[in-house]
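The next block is target.cif, given as mmCIF, C-alpha atoms.
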```cif
data_target
#
loop_
_atom_site.group_PDB
_atom_site.id
_atom_site.type_symbol
_atom_site.label_atom_id
_atom_site.label_comp_id
_atom_site.auth_asym_id
_atom_site.auth_seq_id
_atom_site.Cartn_x
_atom_site.Cartn_y
_atom_site.Cartn_z
ATOM 1 C CA MET A 1 46.794 91.020 -43.963
ATOM 2 C CA ASP A 2 43.852 90.329 -41.764
ATOM 3 C CA ASN A 3 42.011 88.640 -44.608
ATOM 4 C CA ALA A 4 45.029 86.494 -45.452
ATOM 5 C CA GLY A 5 45.517 85.518 -41.836
ATOM 6 C CA SER A 6 41.854 84.627 -41.463
ATOM 7 C CA ALA A 7 41.985 82.433 -44.574
ATOM 8 C CA ALA A 8 45.100 80.639 -43.360
ATOM 9 C CA LEU A 9 43.538 80.076 -39.972
ATOM 10 C CA ALA A 10 40.411 78.659 -41.619
ATOM 11 C CA VAL A 11 42.486 76.288 -43.726
ATOM 12 C CA VAL A 12 44.365 75.108 -40.658
ATOM 13 C CA LEU A 13 41.114 74.515 -38.791
ATOM 14 C CA VAL A 14 39.680 72.530 -41.699
ATOM 15 C CA VAL A 15 42.834 70.433 -41.936
ATOM 16 C CA LEU A 16 42.765 69.869 -38.199
ATOM 17 C CA ILE A 17 39.124 68.809 -38.292
ATOM 18 C CA ILE A 18 39.806 66.386 -41.126
ATOM 19 C CA PHE A 19 42.790 64.983 -39.241
ATOM 20 C CA VAL A 20 40.706 64.466 -36.121
ATOM 21 C CA ILE A 21 37.997 62.687 -38.136
ATOM 22 C CA ILE A 22 40.598 60.415 -39.697
ATOM 23 C CA VAL A 23 42.120 59.653 -36.307
ATOM 24 C CA LEU A 24 38.712 58.836 -34.868
ATOM 25 C CA VAL A 25 37.844 56.619 -37.809
ATOM 26 C CA ARG A 26 41.113 54.726 -37.500
ATOM 27 C CA SER A 27 40.901 54.541 -33.725
ATOM 28 C CA VAL A 28 37.341 53.394 -33.145
ATOM 29 C CA ARG A 29 36.357 50.059 -34.700
ATOM 30 C CA ILE A 30 33.220 47.934 -34.255
ATOM 31 C CA VAL A 31 33.535 44.175 -34.834
ATOM 32 C CA PRO A 32 30.205 42.484 -35.717
ATOM 33 C CA GLN A 33 29.000 39.283 -34.085
ATOM 34 C CA ALA A 34 30.521 36.019 -35.426
ATOM 35 C CA ARG A 35 33.472 37.959 -36.815
ATOM 36 C CA ALA A 36 37.062 38.251 -35.619
ATOM 37 C CA GLY A 37 39.823 40.681 -36.475
ATOM 38 C CA VAL A 38 43.601 40.505 -36.181
ATOM 39 C CA VAL A 39 45.446 43.670 -35.067
ATOM 40 C CA GLU A 40 49.062 44.282 -36.049
ATOM 41 C CA ARG A 41 51.138 46.891 -34.264
ATOM 42 C CA LEU A 42 54.020 48.171 -36.348
ATOM 43 C CA GLY A 43 53.691 45.085 -38.576
ATOM 44 C CA LYS A 44 53.669 42.534 -35.749
ATOM 45 C CA TYR A 45 50.729 40.546 -34.420
ATOM 46 C CA GLN A 46 49.358 42.346 -31.390
ATOM 47 C CA ARG A 47 45.943 40.821 -30.518
ATOM 48 C CA THR A 48 42.700 39.347 -31.874
ATOM 49 C CA LEU A 49 39.605 41.495 -31.690
ATOM 50 C CA ASN A 50 36.378 39.953 -30.453
ATOM 51 C CA PRO A 51 32.884 41.214 -31.388
ATOM 52 C CA GLY A 52 32.126 44.658 -29.956
ATOM 53 C CA LEU A 53 33.661 48.156 -29.739
ATOM 54 C CA THR A 54 37.457 48.518 -29.632
ATOM 55 C CA ILE A 55 40.000 51.359 -29.707
ATOM 56 C CA LEU A 56 43.143 51.281 -31.855
ATOM 57 C CA ILE A 57 46.191 53.494 -31.887
ATOM 58 C CA PRO A 58 46.071 55.470 -35.127
ATOM 59 C CA PHE A 59 48.950 54.988 -37.570
ATOM 60 C CA VAL A 60 50.423 52.367 -35.241
ATOM 61 C CA ASP A 61 47.819 49.607 -35.129
ATOM 62 C CA ARG A 62 46.451 48.073 -38.325
ATOM 63 C CA LEU A 63 43.295 45.964 -38.446
ATOM 64 C CA LEU A 64 43.400 43.154 -41.001
ATOM 65 C CA PRO A 65 40.220 42.096 -42.893
ATOM 66 C CA LEU A 66 37.680 40.468 -40.590
ATOM 67 C CA LEU A 67 37.291 36.702 -40.634
ATOM 68 C CA ASP A 68 33.913 34.901 -40.611
ATOM 69 C CA LEU A 69 33.670 32.517 -37.669
ATOM 70 C CA ARG A 70 30.454 30.844 -38.811
ATOM 71 C CA GLU A 71 30.432 27.372 -40.334
ATOM 72 C CA GLN A 72 30.996 27.639 -44.050
ATOM 73 C CA VAL A 73 29.997 25.340 -46.886
ATOM 74 C CA VAL A 74 32.217 25.055 -49.943
ATOM 75 C CA SER A 75 31.274 22.954 -52.968
ATOM 76 C CA PHE A 76 34.229 21.926 -55.085
ATOM 77 C CA PRO A 77 33.969 21.170 -58.817
ATOM 78 C CA PRO A 78 33.969 17.528 -59.993
ATOM 79 C CA GLN A 79 37.338 15.825 -59.754
ATOM 80 C CA PRO A 80 38.396 12.867 -61.935
ATOM 81 C CA VAL A 81 39.518 9.954 -59.780
ATOM 82 C CA ILE A 82 40.908 6.576 -60.909
ATOM 83 C CA THR A 83 39.625 3.552 -59.023
ATOM 84 C CA GLU A 84 41.529 0.365 -58.243
ATOM 85 C CA ASP A 85 40.091 -1.353 -61.349
ATOM 86 C CA ASN A 86 41.382 1.510 -63.596
ATOM 87 C CA LEU A 87 38.058 3.256 -64.151
ATOM 88 C CA VAL A 88 37.823 7.044 -64.132
ATOM 89 C CA VAL A 89 34.941 8.404 -62.066
ATOM 90 C CA SER A 90 33.939 12.010 -61.496
ATOM 91 C CA ILE A 91 33.311 12.914 -57.848
ATOM 92 C CA ASP A 92 31.689 16.087 -56.468
ATOM 93 C CA THR A 93 32.527 16.979 -52.871
ATOM 94 C CA VAL A 94 31.112 19.378 -50.297
ATOM 95 C CA VAL A 95 33.150 20.439 -47.261
ATOM 96 C CA TYR A 96 31.712 21.982 -44.080
ATOM 97 C CA PHE A 97 34.349 23.835 -42.054
ATOM 98 C CA GLN A 98 34.661 26.606 -39.466
ATOM 99 C CA VAL A 99 37.433 29.024 -38.509
ATOM 100 C CA THR A 100 38.278 28.475 -34.848
ATOM 101 C CA ASP A 101 41.521 30.487 -34.569
ATOM 102 C CA ALA A 102 41.695 33.785 -36.451
ATOM 103 C CA ARG A 103 45.430 34.193 -35.826
ATOM 104 C CA ALA A 104 46.321 30.741 -37.223
ATOM 105 C CA ALA A 105 43.987 31.171 -40.201
ATOM 106 C CA THR A 106 45.739 34.473 -40.986
ATOM 107 C CA TYR A 107 49.401 33.582 -40.469
ATOM 108 C CA GLU A 108 49.612 29.791 -40.906
ATOM 109 C CA ILE A 109 48.046 29.568 -44.391
ATOM 110 C CA ALA A 110 47.785 32.051 -47.221
ATOM 111 C CA ASN A 111 44.386 30.907 -48.609
ATOM 112 C CA TYR A 112 42.709 28.311 -46.436
ATOM 113 C CA ILE A 113 39.780 27.707 -48.828
ATOM 114 C CA GLN A 114 42.106 26.837 -51.700
ATOM 115 C CA ALA A 115 44.192 24.732 -49.338
ATOM 116 C CA VAL A 116 41.126 22.777 -48.204
ATOM 117 C CA GLU A 117 40.124 22.195 -51.830
ATOM 118 C CA GLN A 118 43.526 20.867 -52.858
ATOM 119 C CA LEU A 119 43.831 18.730 -49.751
ATOM 120 C CA THR A 120 40.341 17.290 -50.363
ATOM 121 C CA THR A 121 41.244 16.416 -53.960
ATOM 122 C CA THR A 122 44.493 14.629 -53.097
ATOM 123 C CA THR A 123 42.972 12.782 -50.134
ATOM 124 C CA LEU A 124 39.979 11.721 -52.226
ATOM 125 C CA ARG A 125 42.233 10.263 -54.890
ATOM 126 C CA ASN A 126 44.204 8.332 -52.302
ATOM 127 C CA VAL A 127 41.070 6.914 -50.656
ATOM 128 C CA VAL A 128 39.136 6.049 -53.832
ATOM 129 C CA GLY A 129 42.279 4.733 -55.524
ATOM 130 C CA GLY A 130 42.254 1.793 -53.131
ATOM 131 C CA LEU A 131 38.630 0.845 -53.930
ATOM 132 C CA ASN A 132 37.052 -0.707 -56.988
ATOM 133 C CA LEU A 133 34.049 0.867 -58.682
ATOM 134 C CA GLU A 134 31.412 -1.118 -56.820
ATOM 135 C CA GLU A 135 33.038 -0.406 -53.458
ATOM 136 C CA ALA A 136 33.354 3.289 -54.291
ATOM 137 C CA LEU A 137 29.659 3.494 -55.170
ATOM 138 C CA THR A 138 28.505 1.682 -52.032
ATOM 139 C CA SER A 139 31.025 3.002 -49.458
ATOM 140 C CA ARG A 140 30.195 6.690 -49.293
ATOM 141 C CA ASP A 141 30.044 6.753 -45.504
ATOM 142 C CA GLN A 142 33.469 5.125 -45.286
ATOM 143 C CA ILE A 143 34.952 7.583 -47.789
ATOM 144 C CA ASN A 144 33.364 10.541 -45.983
ATOM 145 C CA GLY A 145 34.774 9.393 -42.650
ATOM 146 C CA GLN A 146 38.301 8.951 -44.014
ATOM 147 C CA LEU A 147 38.226 12.333 -45.763
ATOM 148 C CA ARG A 148 36.987 14.093 -42.647
ATOM 149 C CA GLY A 149 39.666 12.499 -40.474
ATOM 150 C CA VAL A 150 42.517 13.476 -42.800
ATOM 151 C CA LEU A 151 41.217 17.012 -43.406
ATOM 152 C CA ASP A 152 40.501 17.702 -39.754
ATOM 153 C CA GLU A 153 43.982 16.577 -38.753
ATOM 154 C CA ALA A 154 45.711 18.607 -41.465
ATOM 155 C CA THR A 155 43.656 21.790 -41.051
ATOM 156 C CA GLY A 156 43.846 21.839 -37.252
ATOM 157 C CA ARG A 157 47.119 23.804 -37.292
ATOM 158 C CA TRP A 158 45.520 26.290 -39.695
ATOM 159 C CA GLY A 159 42.896 27.217 -37.121
ATOM 160 C CA ILE A 160 40.157 25.436 -39.101
ATOM 161 C CA ARG A 161 37.857 22.634 -37.968
ATOM 162 C CA VAL A 162 36.349 20.404 -40.673
ATOM 163 C CA SER A 163 32.986 19.167 -39.405
ATOM 164 C CA ARG A 164 31.672 17.212 -42.376
ATOM 165 C CA VAL A 165 32.706 16.030 -45.823
ATOM 166 C CA GLU A 166 30.018 14.797 -48.206
ATOM 167 C CA LEU A 167 30.183 13.263 -51.670
ATOM 168 C CA LYS A 168 27.424 14.853 -53.760
ATOM 169 C CA ALA A 169 27.789 12.545 -56.732
ATOM 170 C CA ILE A 170 29.956 9.735 -58.067
ATOM 171 C CA ASP A 171 29.564 9.537 -61.847
ATOM 172 C CA PRO A 172 31.152 6.533 -63.612
ATOM 173 C CA PRO A 173 31.757 6.576 -67.396
ATOM 174 C CA HIS A 174 28.696 6.387 -69.651
ATOM 175 C CA SER A 175 29.612 2.922 -70.926
ATOM 176 C CA ILE A 176 29.815 1.654 -67.347
ATOM 177 C CA GLN A 177 26.498 3.338 -66.541
ATOM 178 C CA ASP A 178 24.828 1.531 -69.476
ATOM 179 C CA SER A 179 26.267 -1.804 -68.340
ATOM 180 C CA MET A 180 25.135 -1.183 -64.782
ATOM 181 C CA GLU A 181 21.631 -0.283 -65.943
ATOM 182 C CA LYS A 182 21.424 -3.477 -68.012
ATOM 183 C CA GLN A 183 22.671 -5.501 -65.055
ATOM 184 C CA MET A 184 20.163 -3.917 -62.708
ATOM 185 C CA ARG A 185 17.353 -4.428 -65.233
ATOM 186 C CA ALA A 186 18.272 -8.111 -65.577
ATOM 187 C CA GLU A 187 18.428 -8.453 -61.788
ATOM 188 C CA ARG A 188 14.994 -6.844 -61.414
ATOM 189 C CA ASP A 189 13.562 -9.141 -64.120
ATOM 190 C CA ARG A 190 15.048 -12.160 -62.355
ATOM 191 C CA ARG A 191 13.576 -11.111 -59.035
ATOM 192 C CA ALA A 192 10.204 -10.479 -60.665
ATOM 193 C CA ALA A 193 10.248 -13.953 -62.237
ATOM 194 C CA ILE A 194 11.196 -15.517 -58.904
ATOM 195 C CA LEU A 195 8.422 -13.660 -57.106
ATOM 196 C CA THR A 196 5.917 -14.674 -59.787
ATOM 197 C CA ALA A 197 6.963 -18.329 -59.515
ATOM 198 C CA GLU A 198 6.777 -18.161 -55.730
ATOM 199 C CA GLY A 199 3.313 -16.654 -55.961
ATOM 200 C CA THR A 200 2.132 -19.343 -58.366
ATOM 201 C CA LYS A 201 3.603 -22.038 -56.135
ATOM 202 C CA GLN A 202 1.950 -20.648 -53.026
ATOM 203 C CA SER A 203 -1.338 -20.316 -54.887
ATOM 204 C CA ALA A 204 -1.195 -23.956 -56.059
ATOM 205 C CA ILE A 205 -0.272 -25.125 -52.559
ATOM 206 C CA LEU A 206 -3.119 -23.174 -50.989
ATOM 207 C CA THR A 207 -5.567 -24.415 -53.625
ATOM 208 C CA ALA A 208 -4.541 -28.051 -53.099
ATOM 209 C CA GLU A 209 -4.692 -27.587 -49.347
ATOM 210 C CA GLY A 210 -8.169 -26.112 -49.649
ATOM 211 C CA GLN A 211 -9.356 -28.969 -51.847
ATOM 212 C CA ARG A 212 -7.869 -31.523 -49.435
ATOM 213 C CA GLN A 213 -9.541 -29.874 -46.477
ATOM 214 C CA ALA A 214 -12.835 -29.720 -48.388
ATOM 215 C CA ALA A 215 -12.606 -33.423 -49.293
ATOM 216 C CA ILE A 216 -11.786 -34.329 -45.705
ATOM 217 C CA LEU A 217 -14.672 -32.272 -44.375
ATOM 218 C CA LYS A 218 -17.046 -33.736 -46.975
ATOM 219 C CA ALA A 219 -15.959 -37.316 -46.116
ATOM 220 C CA GLU A 220 -16.338 -36.576 -42.419
ATOM 221 C CA GLY A 221 -19.780 -35.123 -43.085
ATOM 222 C CA ASP A 222 -20.864 -38.149 -45.137
ATOM 223 C CA ALA A 223 -19.548 -40.502 -42.449
ATOM 224 C CA LYS A 224 -21.374 -38.635 -39.709
ATOM 225 C CA ALA A 225 -24.554 -38.552 -41.834
ATOM 226 C CA ALA A 226 -24.328 -42.310 -42.461
ATOM 227 C CA ILE A 227 -23.761 -42.932 -38.774
ATOM 228 C CA LEU A 228 -26.723 -40.751 -37.871
ATOM 229 C CA ARG A 229 -28.930 -42.507 -40.447
ATOM 230 C CA ALA A 230 -27.827 -45.910 -39.174
ATOM 231 C CA ASP A 231 -28.476 -44.807 -35.610
ATOM 232 C CA GLY A 232 -31.897 -43.539 -36.622
ATOM 233 C CA GLU A 233 -32.813 -46.760 -38.417
ATOM 234 C CA SER A 234 -31.467 -48.804 -35.498
ATOM 235 C CA GLN A 235 -33.552 -46.817 -33.043
ATOM 236 C CA ALA A 236 -36.609 -47.104 -35.285
ATOM 237 C CA ILE A 237 -36.187 -50.886 -35.550
ATOM 238 C CA GLN A 238 -35.591 -51.128 -31.844
ATOM 239 C CA LYS A 239 -38.755 -49.132 -31.137
ATOM 240 C CA VAL A 240 -40.804 -51.293 -33.523
ATOM 241 C CA PHE A 241 -39.331 -54.420 -32.002
ATOM 242 C CA ASP A 242 -40.103 -53.197 -28.498
ATOM 243 C CA ALA A 243 -43.618 -52.203 -29.514
ATOM 244 C CA ILE A 244 -44.288 -55.605 -31.085
ATOM 245 C CA HIS A 245 -43.065 -57.492 -28.086
ATOM 246 C CA LYS A 246 -44.856 -55.161 -25.732
ATOM 247 C CA GLY A 247 -48.152 -55.764 -27.624
ATOM 248 C CA ASN A 248 -47.626 -59.569 -27.547
ATOM 249 C CA PRO A 249 -49.152 -60.194 -31.023
ATOM 250 C CA ASP A 250 -50.557 -63.618 -31.861
ATOM 251 C CA GLN A 251 -49.939 -65.625 -34.994
ATOM 252 C CA LYS A 252 -53.035 -64.362 -36.723
ATOM 253 C CA LEU A 253 -51.996 -60.702 -36.535
ATOM 254 C CA LEU A 254 -48.532 -61.481 -37.759
ATOM 255 C CA ALA A 255 -49.906 -63.431 -40.718
ATOM 256 C CA TYR A 256 -52.249 -60.575 -41.606
ATOM 257 C CA GLN A 257 -49.422 -58.022 -41.505
ATOM 258 C CA TYR A 258 -47.296 -60.329 -43.594
ATOM 259 C CA LEU A 259 -49.945 -60.489 -46.327
ATOM 260 C CA GLN A 260 -50.322 -56.705 -46.321
ATOM 261 C CA THR A 261 -46.606 -56.364 -46.937
ATOM 262 C CA LEU A 262 -46.573 -58.637 -49.990
ATOM 263 C CA PRO A 263 -48.178 -56.160 -52.453
ATOM 264 C CA LYS A 264 -45.594 -53.544 -51.522
ATOM 265 C CA LEU A 265 -42.871 -55.896 -52.669
ATOM 266 C CA ALA A 266 -44.314 -55.752 -56.173
ATOM 267 C CA GLU A 267 -44.312 -51.953 -56.322
ATOM 268 C CA GLY A 268 -41.720 -50.299 -58.534
ATOM 269 C CA THR A 269 -40.975 -50.612 -62.227
ATOM 270 C CA SER A 270 -37.661 -52.413 -61.656
ATOM 271 C CA ASN A 271 -39.206 -55.436 -59.921
ATOM 272 C CA LYS A 272 -39.436 -58.218 -62.510
ATOM 273 C CA LEU A 273 -39.364 -61.327 -60.327
ATOM 274 C CA TRP A 274 -39.888 -61.979 -56.629
ATOM 275 C CA ILE A 275 -40.126 -65.216 -54.677
ATOM 276 C CA ILE A 276 -42.714 -66.009 -52.047
ATOM 277 C CA PRO A 277 -41.257 -67.995 -49.159
ATOM 278 C CA SER A 278 -42.779 -71.321 -48.095
ATOM 279 C CA GLU A 279 -43.867 -69.901 -44.771
ATOM 280 C CA VAL A 280 -46.640 -67.983 -46.531
ATOM 281 C CA GLY A 281 -48.741 -71.149 -46.678
ATOM 282 C CA GLU A 282 -48.626 -71.539 -42.963
ATOM 283 C CA ALA A 283 -49.576 -67.855 -42.589
ATOM 284 C CA LEU A 284 -52.553 -68.312 -44.908
ATOM 285 C CA LYS A 285 -53.692 -71.322 -42.962
ATOM 286 C CA GLY A 286 -53.658 -69.223 -39.849
ATOM 287 C CA ILE A 287 -55.647 -66.461 -41.543
ATOM 288 C CA GLY A 288 -58.196 -68.933 -42.860
ATOM 289 C CA SER A 289 -58.639 -70.490 -39.469
ATOM 290 C CA ALA A 290 -59.121 -67.075 -37.945
ATOM 291 C CA LEU A 291 -61.664 -65.890 -40.507
ATOM 292 C CA GLY A 292 -63.630 -69.063 -41.187
ATOM 293 C CA GLY A 293 -63.123 -71.009 -38.039
ATOM 294 C CA THR A 294 -62.040 -74.094 -40.075
ATOM 295 C CA ASN A 295 -58.859 -75.214 -41.745
ATOM 296 C CA PRO A 296 -58.502 -73.623 -45.162
ATOM 297 C CA ASP A 297 -58.312 -75.640 -48.304
ATOM 298 C CA PRO A 298 -54.733 -75.998 -49.532
ATOM 299 C CA ALA A 299 -55.957 -75.555 -53.115
ATOM 300 C CA ALA A 300 -57.511 -72.224 -52.162
ATOM 301 C CA ALA A 301 -54.230 -71.138 -50.646
ATOM 302 C CA ASP A 302 -52.466 -72.073 -53.866
ATOM 303 C CA GLY A 303 -54.979 -69.975 -55.792
ATOM 304 C CA LEU A 304 -54.264 -67.004 -53.566
ATOM 305 C CA PHE A 305 -50.565 -67.399 -54.322
ATOM 306 C CA ASP A 306 -51.341 -67.389 -58.042
ATOM 307 C CA GLN A 307 -53.480 -64.237 -57.773
ATOM 308 C CA THR A 308 -50.803 -62.405 -55.796
ATOM 309 C CA ALA A 309 -48.102 -63.453 -58.248
ATOM 310 C CA ALA A 310 -50.287 -62.345 -61.172
ATOM 311 C CA LYS A 311 -50.310 -58.801 -59.745
ATOM 312 C CA THR A 312 -46.540 -58.672 -59.908
ATOM 313 C CA PRO A 313 -45.358 -56.861 -63.125
ATOM 314 C CA GLU A 314 -42.910 -58.720 -65.249
ATOM 315 C CA SER A 315 -41.257 -55.607 -66.626
#
```

structure tokens encoding of this file:
Amino acid sequence: MDNAGSAALAVVLVVLIIFVIIVLVRSVRIVPQARAGVVERLGKYQRTLNPGLTILIPFVDRLLPLLDLREQVVSFPPQPVITEDNLVVSIDTVVYFQVTDARAATYEIANYIQAVEQLTTTTLRNVVGGLNLEEALTSRDQINGQLRGVLDEATGRWGIRVSRVELKAIDPPHSIQDSMEKQMRAERDRRAAILTAEGTKQSAILTAEGQRQAAILKAEGDAKAAILRADGESQAIQKVFDAIHKGNPDQKLLAYQYLQTLPKLAEGTSNKLWIIPSEVGEALKGIGSALGGTNPDPAAADGLFDQTAAKTPES
């Protein structure tokens, strides 16, 4: 009897210990940071648990699965969308959202991720359906803004805030892609030809401008050189003239200088014929008078003319 009573008491103690452990486990809950939990009491919403330690009433309160309050990123599979010009394009979307109300996310929608996906698909088809292919490819920011506005308004009552909606890719049909590549290649070739022609034109203009400037500078240089030469010759003549008049030469000196200049007229291979002016006779008369003291013989002067002329080369 004692052994049986001891065994029964041990069993009761074990059962009691297990019951206490179960009660403690169901009563004490720890909610991690950036998580939220919904507590139901007898099947009815009672409160929302914030991060930290909390105590529940065992077998009366029930804690639903914790919700993640961090911003989440969901990438949806490509969706076929028909544009305004009846072309089917495949669009990949990425949605950034965050649970802001755990109670609404639990009781207002059964599966908020699936709901966001379906709402994104239908909204995307409505937005892109009013655009042609070119507008759809170049209006990503506009499409993103419209999607975000519609999703944020619709998911607000679900306790979800949609922060961003991005289009990862817009893939037109392969035939359209080939046509677009050919069009872009032709456009690039046209731009390259235009740039080449513009470069050639600018090069020709610069070359002509350089040649014009060089010709102008050369002409200005030649003109200045001619002016300087003329000024130099003018100054030289003026100095000689001043020196002659300052020395007050007589007729004899002038006649002598005149005769010394005559042989220089015959120098040069191109001189075939030169004419002696009539004043040479008067100059020779002056020289003869100066050297001999008497009037020179006109015949002798004529002989001197003949000798000087004989020294002149004919060819």

query: Can you tell me how far CA of Gln72 in chain A sits from CA of Val99 in chain A, in Å to one decimal?
result: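 These two atoms are separated by 8.6 Å.
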
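Between CA of Thr207 in chain A and CA of Asp222 in chain A there is a distance of 22.2 Å.
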
message: Restricting the calculation to only C-alpha atoms: of A:Val25, A:Ile91, A:Ala10, A:Ala154, which residue gets closest to Glu166 in chain A?
response: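 Of all the options, A:Ile91 lies closest to Glu166 in chain A.
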
message: As an exercise, work out the distance from CA of Leu131 in chain A to CA of Asp85 in chain A in Å and give it to one decimal place.
response: 7.9 Å

- prompt: What do you get, as a count of residues only, if you spell out every residue that the PyMOL selection byres ((chain A and resi 98) around 12) selects here?
  reply: 31
